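K.L.:
Below is the file final36.csv, with CSV, C-alpha atoms.
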```csv
chain,number,residue,atom,x,y,z
R,1,MET,CA,28.2,124.7,115.6
R,2,SER,CA,25.3,125.9,113.5
R,3,LYS,CA,22.5,123.9,111.9
R,4,LYS,CA,21.2,124.2,108.4
R,5,ILE,CA,17.5,124.1,108.3
R,6,VAL,CA,15.3,124.0,105.2
R,7,GLY,CA,12.3,126.2,105.5
R,8,ASP,CA,8.8,125.6,104.2
R,9,ASP,CA,9.6,127.9,101.3
R,10,GLY,CA,12.5,125.7,100.2
R,11,LYS,CA,15.2,128.1,101.3
R,12,THR,CA,18.1,127.0,103.5
R,13,TYR,CA,18.5,128.8,106.8
R,14,VAL,CA,21.4,128.7,109.3
R,15,GLN,CA,20.3,128.4,112.9
R,16,LYS,CA,22.9,129.8,115.3
R,17,LYS,CA,23.4,128.9,118.9
R,18,PRO,CA,22.1,131.3,121.5
R,19,PHE,CA,24.7,133.7,122.8
R,20,TYR,CA,24.8,132.1,126.2
R,21,LYS,CA,25.8,128.8,124.7
R,22,ARG,CA,28.8,130.2,122.9
R,23,VAL,CA,32.4,129.8,124.1
R,24,TRP,CA,33.2,133.5,123.8
R,25,PHE,CA,30.4,134.5,126.1
R,26,TRP,CA,31.6,132.2,128.9
R,27,LEU,CA,35.2,133.4,128.5
R,28,LEU,CA,34.0,137.0,128.8
R,29,VAL,CA,32.0,136.1,132.0
R,30,ILE,CA,35.1,134.4,133.5
R,31,VAL,CA,37.3,137.4,132.7
R,32,VAL,CA,34.7,139.9,134.2
R,33,ILE,CA,34.3,137.8,137.4
R,34,GLY,CA,38.1,137.6,137.7
R,35,ILE,CA,38.5,141.4,137.4
R,36,PHE,CA,35.7,142.2,139.9
R,37,GLY,CA,36.7,139.4,142.2
R,38,GLY,CA,40.3,140.4,142.1
R,39,GLY,CA,39.4,144.1,142.8
R,40,LEU,CA,37.2,143.1,145.7
R,41,ASN,CA,39.8,140.9,147.2
R,42,SER,CA,42.5,143.5,147.0
R,43,SER,CA,40.3,146.1,148.7
R,44,ASP,CA,39.4,143.6,151.4
R,45,LYS,CA,43.1,142.9,151.8
R,46,ASN,CA,43.9,146.7,152.0
R,47,SER,CA,41.2,147.2,154.6
R,48,ALA,CA,42.3,144.1,156.5
R,49,THR,CA,45.9,145.3,156.4
R,50,SER,CA,45.0,148.8,157.6
R,51,SER,CA,42.7,147.5,160.3
R,52,SER,CA,45.4,145.1,161.5
R,53,SER,CA,48.0,147.9,161.6
R,54,GLU,CA,45.5,150.1,163.5
R,55,LYS,CA,45.1,147.2,166.0
R,56,VAL,CA,48.8,146.9,166.4
R,57,SER,CA,49.2,150.6,167.0
R,58,GLU,CA,46.3,150.5,169.5
R,59,SER,CA,47.8,147.6,171.3
R,60,SER,CA,51.2,149.2,171.6
R,61,GLN,CA,49.6,152.4,172.9
R,62,LYS,CA,47.6,150.4,175.4
R,63,THR,CA,50.6,148.5,176.7
R,64,SER,CA,52.6,151.7,177.1
R,65,SER,CA,50.0,153.6,179.1
R,66,SER,CA,48.7,152.9,182.6
R,67,SER,CA,45.1,151.7,183.2
R,68,GLU,CA,44.1,155.1,184.5
R,69,GLU,CA,45.4,156.8,181.3
R,70,LYS,CA,43.6,154.3,179.1
R,71,SER,CA,40.2,155.0,180.6
R,72,ALA,CA,40.8,158.8,180.5
R,73,SER,CA,42.1,158.8,176.9
R,74,SER,CA,39.4,156.5,175.6
R,75,SER,CA,36.6,158.5,177.1
R,76,SER,CA,38.0,161.9,175.9
R,77,SER,CA,39.1,160.9,172.4
R,78,GLU,CA,36.0,159.0,171.4
R,79,LYS,CA,33.2,161.1,170.1
R,80,PRO,CA,29.8,159.7,171.1
R,81,LYS,CA,27.7,158.6,168.2
R,82,VAL,CA,24.5,160.6,167.9
R,83,SER,CA,21.4,160.1,165.9
R,84,ALA,CA,20.8,161.9,162.6
R,85,GLU,CA,18.1,164.0,164.4
R,86,PHE,CA,20.6,165.3,166.9
R,87,THR,CA,23.1,166.1,164.1
R,88,SER,CA,20.4,167.9,162.2
R,89,ALA,CA,19.4,169.9,165.3
R,90,LEU,CA,23.1,170.8,165.8
R,91,GLU,CA,23.4,172.0,162.2
R,92,LYS,CA,20.2,174.1,162.5
R,93,ALA,CA,21.5,175.6,165.8
R,94,THR,CA,24.8,176.5,164.2
R,95,GLN,CA,22.9,178.3,161.4
R,96,TYR,CA,20.8,180.2,163.9
R,97,ALA,CA,23.8,181.1,166.0
R,98,ASN,CA,26.1,182.2,163.1
R,99,MET,CA,23.7,183.7,160.7
R,100,MET,CA,21.0,185.2,162.9
R,101,ASN,CA,23.0,185.9,166.0
R,102,MET,CA,20.5,184.2,168.2
R,103,SER,CA,20.9,183.4,171.9
R,104,LYS,CA,21.2,179.9,173.4
R,105,ALA,CA,17.7,180.0,174.8
R,106,GLY,CA,16.3,181.6,171.6
R,107,ILE,CA,17.8,178.8,169.6
R,108,TYR,CA,16.4,176.1,171.9
R,109,ASP,CA,12.9,177.6,171.7
R,110,GLN,CA,13.2,177.8,167.9
R,111,LEU,CA,14.3,174.2,167.6
R,112,THR,CA,11.5,172.9,169.8
R,113,SER,CA,8.7,175.2,168.7
R,114,ASP,CA,5.7,173.8,166.9
R,115,ALA,CA,5.9,176.8,164.7
R,116,GLY,CA,9.7,176.3,164.3
R,117,GLU,CA,11.8,173.2,163.7
R,118,GLN,CA,9.8,170.8,165.9
R,119,PHE,CA,12.8,168.9,167.2
R,120,PRO,CA,12.4,166.9,170.4
R,121,ALA,CA,13.7,168.5,173.6
R,122,ASP,CA,16.6,166.2,174.0
R,123,ALA,CA,17.9,166.9,170.4
R,124,ALA,CA,17.5,170.6,170.9
R,125,GLN,CA,19.3,170.5,174.2
R,126,TYR,CA,22.1,168.5,172.6
R,127,ALA,CA,22.3,171.1,169.9
R,128,VAL,CA,22.6,174.2,172.2
R,129,ASP,CA,25.0,172.4,174.4
R,130,ASN,CA,27.3,171.5,171.5
R,131,VAL,CA,27.0,174.5,169.1
R,132,LYS,CA,30.2,176.5,168.7
R,133,ALA,CA,29.1,180.1,169.2
R,134,ASP,CA,30.3,183.3,170.9
R,135,TRP,CA,27.1,184.3,172.7
R,136,ASN,CA,28.6,187.7,173.8
R,137,LYS,CA,29.3,188.5,170.1
R,138,ASN,CA,25.8,187.4,169.1
R,139,ALA,CA,24.3,189.7,171.8
R,140,LEU,CA,26.5,192.6,170.6
R,141,GLU,CA,25.4,192.0,167.0
R,142,LYS,CA,21.7,192.0,168.0
R,143,ALA,CA,22.3,195.2,170.1
R,144,LYS,CA,23.9,196.9,167.1
R,145,GLN,CA,20.9,195.9,165.0
R,146,TYR,CA,18.4,197.4,167.5
R,147,GLN,CA,20.5,200.6,167.8
R,148,SER,CA,20.9,201.2,164.1
R,149,GLU,CA,17.5,199.9,162.7
R,150,MET,CA,15.2,200.9,165.6
R,151,SER,CA,17.1,203.8,167.3
R,152,MET,CA,16.5,202.2,170.7
R,153,SER,CA,18.1,203.5,173.9
R,154,THR,CA,20.7,201.3,175.7
R,155,GLU,CA,18.2,200.4,178.4
R,156,ALA,CA,15.6,199.4,175.9
R,157,ILE,CA,18.1,197.3,174.0
R,158,ARG,CA,19.2,195.6,177.3
R,159,ASP,CA,15.5,194.8,178.0
R,160,GLN,CA,15.0,193.5,174.5
R,161,LEU,CA,18.1,191.3,174.7
R,162,THR,CA,17.1,189.8,178.1
R,163,SER,CA,13.4,189.6,177.6
R,164,GLU,CA,11.6,186.3,177.5
R,165,ALA,CA,9.5,187.7,174.7
R,166,GLY,CA,12.6,189.1,173.0
R,167,GLU,CA,16.1,187.7,172.4
R,168,LYS,CA,16.5,185.7,175.6
R,169,PHE,CA,20.2,186.4,176.2
R,170,THR,CA,21.6,186.1,179.7
R,171,GLN,CA,22.1,189.3,181.8
R,172,ASP,CA,25.9,188.9,181.4
R,173,GLU,CA,25.7,188.7,177.6
R,174,ALA,CA,23.4,191.7,177.5
R,175,ASN,CA,25.8,193.6,179.8
R,176,TYR,CA,28.7,192.7,177.5
R,177,ALA,CA,26.7,194.0,174.5
R,178,ILE,CA,25.8,197.3,176.1
R,179,GLN,CA,29.4,197.9,177.3
R,180,HIS,CA,30.8,197.3,173.7
R,181,LEU,CA,27.9,198.8,171.8
R,182,ASN,CA,29.7,202.0,170.8
R,183,ASP,CA,33.2,200.3,170.2
R,184,ASN,CA,34.4,200.4,166.7
```
I need this file expressed as structure tokens, please.

P.N.:
Amino acid sequence: MSKKIVGDDGKTYVQKKPFYKRVWFWLLVIVVIGIFGGGLNSSDKNSATSSSSEKVSESSQKTSSSSEEKSASSSSSEKPKVSAEFTSALEKATQYANMMNMSKAGIYDQLTSDAGEQFPADAAQYAVDNVKADWNKNALEKAKQYQSEMSMSTEAIRDQLTSEAGEKFTQDEANYAIQHLNDN
């Protein structure tokens, strides 16, 4: 267990074993490994069980549907995986559409601009194609801003909304905004 050593000064000292050579240390290591190992195995079993039940439900769905329905449902229900850059561009596009009431073309230009967000063209196109926005509402909100803050005429507002140097809304969106400008 422990050794008794007589030092140079004549005193007796007890030399203990290092902690890693003691029985209690190894028992503790075994218990800790058992706890973590058991926890990992049970989570692996749970995930294996859930994935096997998903596979069973998928196979039952596949057998009950025709081959045409399978191809249509698999293509429509699966969301394509996109890169982080595409996701970031979509988040920015959503912010621009919802908070600044920008047009689709205006958002695209802002996302690709060297002075703006500097996203690649394909990421910006993905973003404007997938952003959930009411473009007519955005045009109307911009028209209201121009009317209240700059006291512009309706034709000047229409020009500003559709201008390439302005807001870049479509003609239909600008027409909607002008028609509903004085609605309460």

K.L.:
Ranking R:Ala124, R:Gly38, R:Thr87, R:Arg158 by minimum distance to Gly106 (chain R) and counting all atoms listed in the file, which one comes first?

P.N.:
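When distances to Gly106 (chain R) are compared using all atoms listed in the file, the smallest one comes from R:Ala124.
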
K.L.:
Can you work out the spacing between CA of Lys21 (chain R) and CA of Lys3 (chain R) in Å, to one decimal?

P.N.:
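Here the two named atoms are 14.1 Å from each other.
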
K.L.:
Using only C-alpha atoms, which protein or nucleic acid residues come within 12 Å of Asn130 (chain R)? Drop anything in the same chain fewer than 3 positions from it, and give the result as a list in words.

P.N.:
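Non-adjacent residues within range: Val82, Phe86, Thr87, Ala89, Leu90, Glu91, Lys92, Ala93, Thr94, Ala97, Lys104, Tyr108, Ala123, Ala124, Gln125, Tyr126, Ala127 and Ala133 of chain R.
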
K.L.:
Leaving out His180 (chain R) and any residue of its chain fewer than 3 positions from it, which residues lie within 10 Å of it when counting only C-alpha atoms, given as a list in words?

P.N.:
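Selected residues are Asn136, Lys137, Leu140, Ala143, Lys144, Asn175, Tyr176, Ala177, Asp183 and Asn184 of chain R.
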
K.L.:
Please dump the current selection as a PDB file, keeping the file's coordinate frame; keep C-alpha atoms.

P.N.:
```
ATOM      1  CA  ASN R 136      28.600 187.700 173.800  1.00  0.00           C
ATOM      2  CA  LYS R 137      29.300 188.500 170.100  1.00  0.00           C
ATOM      3  CA  LEU R 140      26.500 192.600 170.600  1.00  0.00           C
ATOM      4  CA  ALA R 143      22.300 195.200 170.100  1.00  0.00           C
ATOM      5  CA  LYS R 144      23.900 196.900 167.100  1.00  0.00           C
ATOM      6  CA  ASN R 175      25.800 193.600 179.800  1.00  0.00           C
ATOM      7  CA  TYR R 176      28.700 192.700 177.500  1.00  0.00           C
ATOM      8  CA  ALA R 177      26.700 194.000 174.500  1.00  0.00           C
ATOM      9  CA  ASP R 183      33.200 200.300 170.200  1.00  0.00           C
ATOM     10  CA  ASN R 184      34.400 200.400 166.700  1.00  0.00           C
TER      11      ASN R 184
END
```

K.L.:
For the atom pair CA of Glu164 (chain R) and CA of Asn98 (chain R), what is the interatomic distance in Å to one decimal place?

P.N.:
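Atom-to-atom, CA of Glu164 (chain R) to CA of Asn98 (chain R), that is 20.8 Å.
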